[in-house]
Amino acid sequence: MQQIHRDNHYVPQLYLKRWAHAGHEGKVLTYRLLVPHENYPLWKAHSPKSIAFHRHLYTYYAAGGETDEFERWLADEFESPAEEALDRVVREQRLTPEHWERLVRFAVAQDVRTPARLKEFLARQKESLPALLDEAVQEAVTMMADAASRGVRVASTSSPLAANPFPLNVSITTNEDGSGTIRATTIVGRKSWLWSIRHHLTETIEKISRHRWTILHAPPGVSWPTSDSPFVRLSFVDAARYDFRGGWGVKNGNLLLPLSPKHLLFATVGERSPLRGTTVDPGLAQMMRKIIIQHADRYIFVRDTEDVDLIRPRLVCAETFKAEQAVWQTWHEEQTAAEADLLGTP
């Protein structure tokens, strides 16, 4: 029986190893943005295997029990295919169109699979959920009305919609007089988030990956950091006016993903990019470095620790730290129970 992957890395190890530091036994220097006390070390060295993961982040409950097929799908479709391309980038070797495609697919996947994106998704779902459930009920009403017009009685039923893998259950209870009750239920949590990631990476990816990409080099004395939220969709006006609400299709929006301390995958929507290997102006490079650091959620990974703590002072709060730890400790149990309940599994 195949062993389930329980430690789900939302930043792949094959990516993080580019920041491994020879002076720290091949480990990655890590800055934590939320710590429980002032004496917590400013920097810790971690192996890529021991950082940027949550237990059962992608594991979910299916009819046959727990499955890690989503974790394996990400690895097979987006991580492993990009490894050679990432190596070629670092070695300054030629990239074929297929290598570029794999790099971009890796970047798009990295945009949607992190806990930072999970938090954004859950916030959006709470706003859009009523409309979603109303649509499901209206579809069921239309189905019942059509059946009634043909003199067919709809049997009581309760099951997820077979045509749509979104975790939505529509139940229909019919009475002897032909009246009935329709109820729609779903999960605002892991299963719906995984559905949205898969939809994005199978349906939307072809539309958003056609930008003109390049790879920019950091100038001497500057290195690109990365983080637990490494892909940045930037809306930039000037050094004092920018935010992270840029989109894949927003004209003049900047898209960037550090690939190593020297190499940065970059595109500007609707514009031609500089030639691959262009070295960024030192002042602009410092600005871009600041943006990457500001975009981090809970962790920053670097080769060069200079000024990181000045750009992003860490939050020292034992209560917040413990509360966040508690959420992840109960994450799998709570999500599994909700997923099993939706399937009607005891």
# chains A, B, ... in the order shown; residues from 1 in each chain; ligands from 1
>>> residues_around(residues="Leu264 in chain A", least_positions_apart="6", cutoff="8 Å", atoms="only C-alpha atoms", output="list in words")
Ile215, Leu216, His217, Ala218, Trp224, Leu256, Leu257 and Pro258 of chain A
>>> residues_around(residues="Tyr10 in chain A", least_positions_apart="5", cutoff="8 Å", atoms="only C-alpha atoms", output="list in words")
Ala52, Phe53, His54, Gln110, Arg113, Thr114, Pro115 and Asp228 of chain A
>>> closest_residue(among="A:Arg88, A:Arg241, A:His46, A:Arg124", to="Trp19 in chain A", atoms="only C-alpha atoms")
A:His46
>>> closest_atom_pairs(of="range 47-126 of chain A", to="range 20-23 of chain A", cutoff="12 Å", atoms="only C-alpha atoms", output="CSV")
residue,atom,partner,partner_atom,distance
A:Ser47,CA,A:Ala20,CA,7.9
A:Pro48,CA,A:Ala20,CA,7.9
A:Lys49,CA,A:Ala20,CA,11.5
>>> residues_around(residues="Ser260 in chain A", least_positions_apart="6", cutoff="10 Å", atoms="only C-alpha atoms", output="VMD selection string")
chain A and resid 15 to 20 86 to 87 89 to 90 217 to 218 223 to 226 302 to 303
>>> select_by_dssp(residues="range 187-303 of chain A", states="alpha helix (DSSP H)", output="MDAnalysis selection string")
chainID A and resid 190:199 205:208 282:294
>>> closest_residue(among="A:Ala239, A:Lys44, A:Lys119, A:Asp341", to="Arg190 in chain A", atoms="only C-alpha atoms")
A:Lys119
>>> atom_distance(atom1="CA of Leu14 in chain A", atom2="CA of Thr59 in chain A")
20.4 Å
>>> closest_residue(among="A:Thr268, A:Trp43, A:Thr320, A:His5", to="Thr305 in chain A", atoms="only C-alpha atoms")
A:Trp43
>>> atom_distance(atom1="CA of Ala109 in chain A", atom2="CA of Gly246 in chain A")
16.5 Å
>>> select_by_dssp(residues="range 13-138 of chain A", states="strand (DSSP E)", output="list of chain:residue names")
A:Ala20, A:His21, A:Lys27, A:Val28, A:Leu29, A:Thr30, A:Tyr31, A:Arg32, A:Leu34, A:Val35, A:Lys44, A:Ala45, A:His46, A:Phe53, A:His54, A:Arg55, A:Tyr60, A:Tyr61, A:Ala62, A:Gly65, A:Glu66, A:Thr67
>>> residues_around(residues="Leu201 in chain A", least_positions_apart="4", cutoff="12 Å", atoms="only C-alpha atoms", output="PyMOL selection string")
chain A and resi 70+73-74+77-78+104-113+194-197+205-209
>>> closest_residue(among="A:Val222, A:Ile51, A:Leu34, A:Ala340", to="Phe301 in chain A", atoms="only C-alpha atoms")
A:Ile51
>>> closest_residue(among="A:Asn252, A:Thr214, A:Gln294, A:Ser80", to="Ser273 in chain A", atoms="only C-alpha atoms")
A:Thr214
>>> residues_around(residues="Arg245 in chain A", least_positions_apart="4", cutoff="7 Å", atoms="only C-alpha atoms", output="list in words")
Arg233, Leu234 and Ser235 of chain A
